[in-house]
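model_21.cif (mmCIF, C-alpha atoms)
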```cif
data_coords
loop_
_atom_site.label_atom_id
_atom_site.label_comp_id
_atom_site.auth_asym_id
_atom_site.auth_seq_id
_atom_site.Cartn_x
_atom_site.Cartn_y
_atom_site.Cartn_z
CA MET A 374 14.15 20.01 16.76
CA ILE A 375 14.46 16.92 14.58
CA ALA A 376 14.42 14.70 17.69
CA ILE A 377 11.15 16.29 18.87
CA ALA A 378 9.62 15.84 15.41
CA CYS A 379 10.77 12.21 15.44
CA TYR A 380 9.13 11.58 18.82
CA ILE A 381 5.87 13.17 17.60
CA ALA A 382 6.08 11.02 14.46
CA ILE A 383 6.61 7.86 16.51
CA VAL A 384 3.53 8.63 18.61
CA GLY A 385 1.38 9.46 15.56
CA ILE A 386 2.43 6.44 13.54
CA SER A 387 1.87 4.21 16.59
CA ILE A 388 -1.71 5.50 16.72
CA ALA A 389 -1.99 4.70 12.99
CA VAL A 390 -0.71 1.17 13.68
CA PHE A 391 -3.35 0.70 16.38
CA LEU A 392 -6.10 1.88 14.00
CA SER A 393 -4.89 -0.60 11.36
CA VAL A 394 -4.87 -3.39 13.95
CA TYR A 395 -8.45 -2.45 14.86
CA ARG A 396 -9.52 -2.85 11.23
CA LEU A 397 -7.54 -6.10 11.07
CA ALA A 398 -9.44 -7.43 14.10
CA VAL A 399 -13.00 -6.36 13.28
CA GLY A 400 -12.90 -6.14 9.47
CA PRO A 401 -16.13 -7.72 8.19
CA ASP A 402 -14.51 -9.25 5.11
CA VAL A 403 -11.28 -11.08 4.32
CA LEU A 404 -10.23 -8.33 1.91
CA ASP A 405 -10.65 -5.70 4.63
CA ARG A 406 -8.11 -7.65 6.63
CA VAL A 407 -5.76 -7.89 3.65
CA LEU A 408 -6.00 -4.11 3.18
CA ALA A 409 -5.38 -3.59 6.90
CA LEU A 410 -2.27 -5.79 6.69
CA ASP A 411 -0.99 -3.76 3.75
CA THR A 412 -1.50 -0.51 5.69
CA LEU A 413 0.17 -2.07 8.73
CA VAL A 414 3.26 -2.93 6.68
CA ILE A 415 3.51 0.62 5.30
CA ASN A 416 3.17 2.03 8.84
CA ALA A 417 5.93 -0.32 9.99
CA ILE A 418 8.20 0.93 7.18
CA ALA A 419 7.55 4.51 8.30
CA LEU A 420 8.42 3.60 11.90
CA VAL A 421 11.68 1.98 10.78
CA VAL A 422 12.61 5.09 8.76
CA VAL A 423 11.81 7.40 11.69
CA VAL A 424 13.99 5.34 14.02
CA GLY A 425 16.74 5.49 11.40
CA ILE A 426 16.53 9.31 11.36
CA LEU A 427 16.44 9.47 15.17
CA TYR A 428 19.53 7.31 15.64
CA ALA A 429 21.24 8.82 12.54
CA THR A 430 22.11 5.45 11.07
CA THR A 431 21.58 4.11 7.56
CA MET A 432 21.55 0.51 8.76
CA TYR A 433 17.75 0.28 8.92
CA PHE A 434 16.98 0.91 5.25
CA GLU A 435 17.57 -2.67 4.22
CA ILE A 436 14.96 -3.65 6.83
CA ALA A 437 12.52 -1.16 5.31
CA MET A 438 13.21 -2.49 1.81
CA LEU A 439 12.60 -6.08 2.95
CA PHE A 440 9.36 -5.03 4.69
CA ALA A 441 8.17 -3.35 1.47
CA MET A 442 8.92 -6.42 -0.66
CA VAL A 443 7.37 -8.95 1.75
CA GLY A 444 4.28 -6.77 2.27
CA PHE A 445 3.67 -6.36 -1.45
CA LEU A 446 4.18 -10.06 -2.18
CA SER A 447 1.91 -11.20 0.64
CA THR A 448 -0.88 -8.82 -0.41
CA VAL A 449 -0.70 -9.92 -4.04
CA ALA A 450 -0.59 -13.59 -2.99
CA PHE A 451 -3.68 -13.18 -0.78
CA CYS A 452 -5.61 -11.44 -3.57
CA LYS A 453 -4.51 -14.02 -6.13
CA TYR A 454 -5.70 -16.77 -3.82
CA LYS A 455 -9.09 -15.08 -3.40
CA LEU A 456 -9.40 -14.53 -7.16
CA ARG A 457 -8.26 -17.86 -8.55
CA GLY A 458 -8.34 -20.39 -5.72
CA ASN A 459 -4.59 -20.98 -5.69
CA VAL A 460 -1.49 -18.83 -5.79
CA ILE A 461 0.74 -20.37 -8.47
CA GLU A 462 -1.11 -22.03 -11.33
CA MET B 96 21.85 27.07 7.30
CA THR B 97 21.63 24.25 9.80
CA LEU B 98 18.47 25.78 11.23
CA ILE B 99 16.83 25.91 7.79
CA SER B 100 17.78 22.28 7.17
CA GLU B 101 16.36 21.22 10.51
CA ILE B 102 13.12 23.10 9.82
CA ILE B 103 12.80 21.41 6.41
CA VAL B 104 13.40 17.92 7.81
CA SER B 105 11.08 18.44 10.79
CA ALA B 106 8.29 19.82 8.59
CA LEU B 107 8.57 16.84 6.23
CA ILE B 108 8.44 14.39 9.15
CA LEU B 109 5.34 16.09 10.57
CA ILE B 110 3.62 16.18 7.15
CA ALA B 111 4.33 12.47 6.75
CA THR B 112 2.91 11.70 10.20
CA PHE B 113 -0.24 13.68 9.41
CA PHE B 114 -0.89 11.83 6.16
CA MET B 115 -0.24 8.40 7.63
CA LEU B 116 -2.68 9.17 10.45
CA VAL B 117 -5.25 10.39 7.91
CA GLY B 118 -4.87 7.14 5.95
CA SER B 119 -5.39 4.92 8.98
CA ILE B 120 -8.32 6.99 10.30
CA GLY B 121 -9.91 6.69 6.88
CA LEU B 122 -9.34 2.93 6.96
CA VAL B 123 -11.29 2.75 10.21
CA LYS B 124 -14.02 5.33 9.60
CA LEU B 125 -15.13 4.94 5.98
CA PRO B 126 -18.28 2.83 5.59
CA ASP B 127 -17.67 0.76 2.46
CA MET B 128 -14.90 -1.51 1.21
CA MET B 129 -14.45 0.35 -2.07
CA ARG B 130 -14.35 3.67 -0.21
CA ARG B 131 -12.06 2.21 2.43
CA LEU B 132 -9.61 1.29 -0.32
CA HIS B 133 -8.96 4.99 -1.05
CA ALA B 134 -7.48 5.96 2.29
CA PRO B 135 -4.44 3.65 2.61
CA THR B 136 -3.55 3.61 -1.06
CA LYS B 137 -3.48 7.38 -1.48
CA ALA B 138 -2.92 9.12 1.85
CA THR B 139 -0.57 6.53 3.31
CA THR B 140 1.51 6.34 0.14
CA LEU B 141 1.86 10.14 0.19
CA GLY B 142 2.88 9.92 3.86
CA ILE B 143 5.56 7.31 3.27
CA GLY B 144 6.86 9.35 0.33
CA ALA B 145 7.20 12.45 2.52
CA MET B 146 8.89 10.38 5.24
CA LEU B 147 11.47 8.95 2.84
CA ILE B 148 12.14 12.42 1.37
CA ALA B 149 12.65 13.65 4.96
CA SER B 150 15.16 10.86 5.52
CA MET B 151 17.02 11.70 2.30
CA ALA B 152 17.09 15.40 3.24
CA TYR B 153 18.36 14.57 6.74
CA PHE B 154 21.25 12.43 5.55
CA LEU B 155 22.08 14.86 2.73
CA LEU B 156 21.82 18.19 4.57
CA ILE B 157 22.83 17.36 8.14
CA GLU B 158 24.91 14.18 8.08
CA GLY B 159 26.45 15.20 4.77
CA ASP B 160 26.37 11.91 2.87
CA THR B 161 24.13 11.02 -0.03
CA SER B 162 22.02 7.91 0.46
CA LEU B 163 19.98 6.50 -2.37
CA HIS B 164 18.36 3.60 -0.50
CA GLU B 165 15.31 5.74 0.29
CA LEU B 166 14.85 6.56 -3.36
CA MET B 167 14.80 2.83 -4.10
CA ILE B 168 12.18 2.20 -1.39
CA THR B 169 10.12 5.16 -2.65
CA ILE B 170 10.13 3.94 -6.24
CA PHE B 171 9.25 0.41 -5.12
CA LEU B 172 6.34 1.56 -2.94
CA PHE B 173 5.00 3.97 -5.55
CA LEU B 174 5.06 1.21 -8.15
CA THR B 175 3.44 -1.42 -5.95
CA ALA B 176 0.69 0.61 -4.22
CA PRO B 177 -1.55 0.87 -7.34
CA VAL B 178 -0.99 -2.83 -8.07
CA THR B 179 -2.16 -3.89 -4.60
CA ALA B 180 -5.16 -1.54 -4.80
CA PHE B 181 -6.09 -2.98 -8.20
CA MET B 182 -5.79 -6.59 -6.97
CA ILE B 183 -7.87 -5.93 -3.84
CA ALA B 184 -10.55 -4.12 -5.86
CA LYS B 185 -10.67 -6.97 -8.37
CA ALA B 186 -11.06 -9.63 -5.69
CA HIS B 187 -13.71 -7.52 -3.96
CA LEU B 188 -15.64 -7.12 -7.23
CA LEU B 189 -15.58 -10.89 -7.70
CA TYR B 190 -17.13 -11.60 -4.30
CA ASP B 191 -19.48 -8.73 -3.46
CA ARG B 192 -22.97 -8.92 -5.00
CA GLN B 193 -23.90 -5.34 -4.19
CA THR B 194 -20.82 -3.93 -5.91
CA GLN B 195 -21.53 -6.12 -8.93
CA SER B 196 -25.02 -4.61 -9.24
CA GLU B 197 -23.59 -1.08 -9.00
CA VAL B 198 -20.85 -1.19 -11.66
CA THR B 199 -21.38 0.87 -14.78
CA PRO B 200 -21.59 -0.89 -18.17
CA THR B 201 -18.34 -1.03 -20.10
CA GLY B 202 -19.81 0.29 -23.36
CA THR B 203 -18.51 -2.63 -25.42
CA GLU B 204 -19.79 -6.13 -26.09
CA LEU B 205 -17.44 -7.57 -23.52
CA GLY B 206 -18.24 -7.04 -19.86
CA TRP B 207 -15.99 -6.48 -16.92
CA ALA B 208 -12.99 -8.80 -17.07
CA THR B 209 -13.49 -10.13 -13.56
CA LEU B 210 -17.18 -10.89 -14.02
CA ASP B 211 -17.46 -11.95 -17.64
CA ASP B 212 -18.09 -15.59 -18.38
CA CYS B 213 -15.28 -17.02 -20.50
CA ALA B 214 -17.56 -19.64 -22.04
CA SER B 215 -19.77 -16.93 -23.57
CA MET B 216 -16.73 -15.44 -25.33
CA ALA B 217 -15.59 -18.72 -26.91
CA GLY B 218 -16.74 -17.74 -30.41
CA ASP B 219 -15.35 -14.24 -30.22
CA PRO B 220 -12.85 -13.59 -33.05
CA ARG B 221 -10.91 -11.17 -30.86
CA ILE B 222 -9.79 -14.07 -28.74
CA ALA B 223 -7.32 -15.58 -31.15
CA ALA B 224 -5.70 -18.45 -29.33
CA PRO B 225 -7.81 -21.53 -28.59
CA PRO B 226 -7.97 -22.54 -24.92
CA ARG B 227 -4.91 -24.45 -23.92
CA THR B 228 -5.51 -28.10 -23.13
CA LEU B 229 -3.46 -30.22 -20.86
CA PRO B 230 -1.54 -33.08 -22.50
CA ASP B 231 -2.76 -36.58 -21.76
CA GLY B 232 -1.16 -38.53 -19.00
#
```
Output the file's structure in the form of structure tokens.
Amino acid sequence: MIAIACYIAIVGISIAVFLSVYRLAVGPDVLDRVLALDTLVINAIALVVVVGILYATTMYFEIAMLFAMVGFLSTVAFCKYKLRGNVIE
Amino acid sequence: MTLISEIIVSALILIATFFMLVGSIGLVKLPDMMRRLHAPTKATTLGIGAMLIASMAYFLLIEGDTSLHELMITIFLFLTAPVTAFMIAKAHLLYDRQTQSEVTPTGTELGWATLDDCASMAGDPRIAAPPRTLPDG
């Protein structure tokens, strides 16, 4: 039952990834694209966790943690650049 | 017992999938940037929380070992999601003229922090420290 739920989750989150990529491609503003990248990173974390449940291994959680940190830092760096003109003042 | 555990884990995985789909559909369908900001920062964060709880429940109930990595990821994501939403909203407010004309007044003498001119606040006694100047050379 868990395997079937995992397959359904992989399909659903893949659709979510495609929708985020659509917003990343057509987004009218730069900040729309930043928001789409943030959503894309969170969807990728969810995919990694689902694959970890499906294969019953705890090896993938470090990958998810690194994705979360890099996604947060890149979003904040993009917004800081848009706000102030450079990243580290 | 195993059946109940499997039902719990499967239901949490499906709830998480539903909320992540709702967040991404909202990101595509909503008409405005400020409205578009709601969908990923609320629905998707709820989805990833449910997914990580499902993972914790799976490894605790079925595999039989406690793993606290998911709790760490959950705490990190729940702390950082409001910060990213705040930064994106602030940058959007700085650039978009229509949003600037729609914001409500703050009710004090000082305006919105993103939009207020620092030069007009130079004589304000609430700003104690003088502006820092770079040393010569």
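Across the model, the gap from CA of Ala186 in chain B to CA of Glu204 in chain B is 22.5 Å.
Proximity to chain A was assessed for B:Thr169, B:Ser105, B:Thr209, B:Ser100 counting only C-alpha atoms; the smallest distance is recorded for B:Ser105.
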Discussion item. Taking only C-alpha atoms into account and nothing else, which residues of chain B lie no more than 7 Å away from chain A? Please answer as number ranges by chain.
Written reply: B: 101, 104-105, 108-109, 112, 115-116, 119-120, 123, 128, 135, 143, 146, 150, 164, 168, 172, 175, 179, 182-183, 186-187
Practice prompt. Run the PyMOL selection byres ((chain B and resi 142) around 6) mentally over the shown coordinates, then write out the matched residues as a PyMOL selection string, using the chain letters and numbers from the document.
Written response: chain B and resi 111+114-115+139-141+143-145
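With all atoms listed in the file as the atoms that count, the residue of B:Ala138, B:Ile157, B:Gln195, B:Pro126 with the shortest distance to Thr97 in chain B is B:Ile157.
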Response to the item:
Here CA of Phe154 in chain B and CA of Phe113 in chain B stand apart by 21.9 Å
Worksheet item: What is the CA of Met129 in chain B-CA of Leu188 in chain B distance in Å, reported with one decimal?
Response: 9.2 Å
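Using only C-alpha atoms, the smallest distance between any of B:Met167, B:Leu122, B:Ile148, B:Leu107 and Arg406 in chain A comes from B:Leu122.
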Requested file, chain A restricted to C-alpha atoms, as a compact mmCIF listing (two decimals), in the first residue's frame:
```
# COMPACT_ATOMS: atom_id res chain seq x y z
CA MET A 374 0.00 0.00 0.00
CA ILE A 375 2.85 2.36 0.83
CA ALA A 376 4.51 1.58 -2.52
CA ILE A 377 1.30 2.51 -4.40
CA ALA A 378 1.01 5.74 -2.40
CA CYS A 379 4.65 6.49 -3.20
CA TYR A 380 4.09 5.98 -6.93
CA ILE A 381 1.02 8.27 -6.83
CA ALA A 382 3.08 10.85 -4.92
CA ILE A 383 5.89 10.67 -7.48
CA VAL A 384 3.43 11.30 -10.32
CA GLY A 385 1.70 14.17 -8.49
CA ILE A 386 4.89 15.90 -7.43
CA SER A 387 6.27 15.52 -10.97
CA ILE A 388 3.21 17.39 -12.23
CA ALA A 389 3.90 20.06 -9.58
CA VAL A 390 7.51 20.29 -10.82
CA PHE A 391 6.28 20.81 -14.39
CA LEU A 392 3.91 23.57 -13.25
CA SER A 393 6.77 25.31 -11.42
CA VAL A 394 8.96 25.03 -14.52
CA TYR A 395 6.14 26.61 -16.54
CA ARG A 396 6.06 29.59 -14.18
CA LEU A 397 9.87 29.70 -14.32
CA ALA A 398 9.76 29.89 -18.13
CA VAL A 399 6.93 32.38 -18.68
CA GLY A 400 7.00 34.38 -15.43
CA PRO A 401 6.58 38.05 -16.38
CA ASP A 402 8.91 39.34 -13.68
CA VAL A 403 12.26 38.32 -12.22
CA LEU A 404 10.70 37.77 -8.79
CA ASP A 405 8.15 35.38 -10.29
CA ARG A 406 11.07 33.30 -11.48
CA VAL A 407 12.73 33.46 -8.06
CA LEU A 408 9.49 32.26 -6.45
CA ALA A 409 9.21 29.48 -9.04
CA LEU A 410 12.78 28.39 -8.25
CA ASP A 411 11.96 28.28 -4.54
CA THR A 412 8.88 26.13 -5.21
CA LEU A 413 10.94 23.91 -7.50
CA VAL A 414 13.48 23.29 -4.74
CA ILE A 415 10.75 22.36 -2.24
CA ASN A 416 9.21 19.97 -4.80
CA ALA A 417 12.63 18.40 -5.33
CA ILE A 418 13.01 17.89 -1.56
CA ALA A 419 9.62 16.14 -1.51
CA LEU A 420 10.66 13.88 -4.40
CA VAL A 421 13.89 12.94 -2.58
CA VAL A 422 11.93 12.10 0.59
CA VAL A 423 9.42 9.99 -1.36
CA VAL A 424 12.22 8.03 -3.02
CA GLY A 425 13.76 7.53 0.43
CA ILE A 426 10.48 6.06 1.71
CA LEU A 427 10.10 3.88 -1.40
CA TYR A 428 13.59 2.38 -1.16
CA ALA A 429 13.45 2.30 2.69
CA THR A 430 16.80 3.99 3.09
CA THR A 431 17.79 6.94 5.26
CA MET A 432 20.70 7.83 2.99
CA TYR A 433 18.77 10.50 1.08
CA PHE A 434 18.01 12.85 3.96
CA GLU A 435 21.36 14.58 3.80
CA ILE A 436 20.59 15.34 0.14
CA ALA A 437 17.24 16.83 1.17
CA MET A 438 18.91 18.92 3.88
CA LEU A 439 21.49 20.25 1.41
CA PHE A 440 18.72 21.06 -1.10
CA ALA A 441 16.84 23.00 1.59
CA MET A 442 19.91 25.03 2.60
CA VAL A 443 21.02 25.83 -0.97
CA GLY A 444 17.47 26.75 -2.02
CA PHE A 445 16.98 29.12 0.90
CA LEU A 446 20.37 30.78 0.43
CA SER A 447 19.90 31.25 -3.31
CA THR A 448 16.43 32.77 -2.87
CA VAL A 449 17.64 35.18 -0.20
CA ALA A 450 20.68 36.11 -2.31
CA PHE A 451 18.51 36.82 -5.37
CA CYS A 452 16.13 39.01 -3.33
CA LYS A 453 19.02 40.82 -1.64
CA TYR A 454 20.52 41.52 -5.05
CA LYS A 455 17.21 42.92 -6.31
CA LEU A 456 16.78 45.03 -3.18
CA ARG A 457 20.24 46.48 -2.70
CA GLY A 458 22.15 46.02 -5.95
CA ASN A 459 24.72 43.63 -4.50
CA VAL A 460 24.68 40.59 -2.26
CA ILE A 461 27.33 41.23 0.39
CA GLU A 462 27.82 44.87 1.32
```
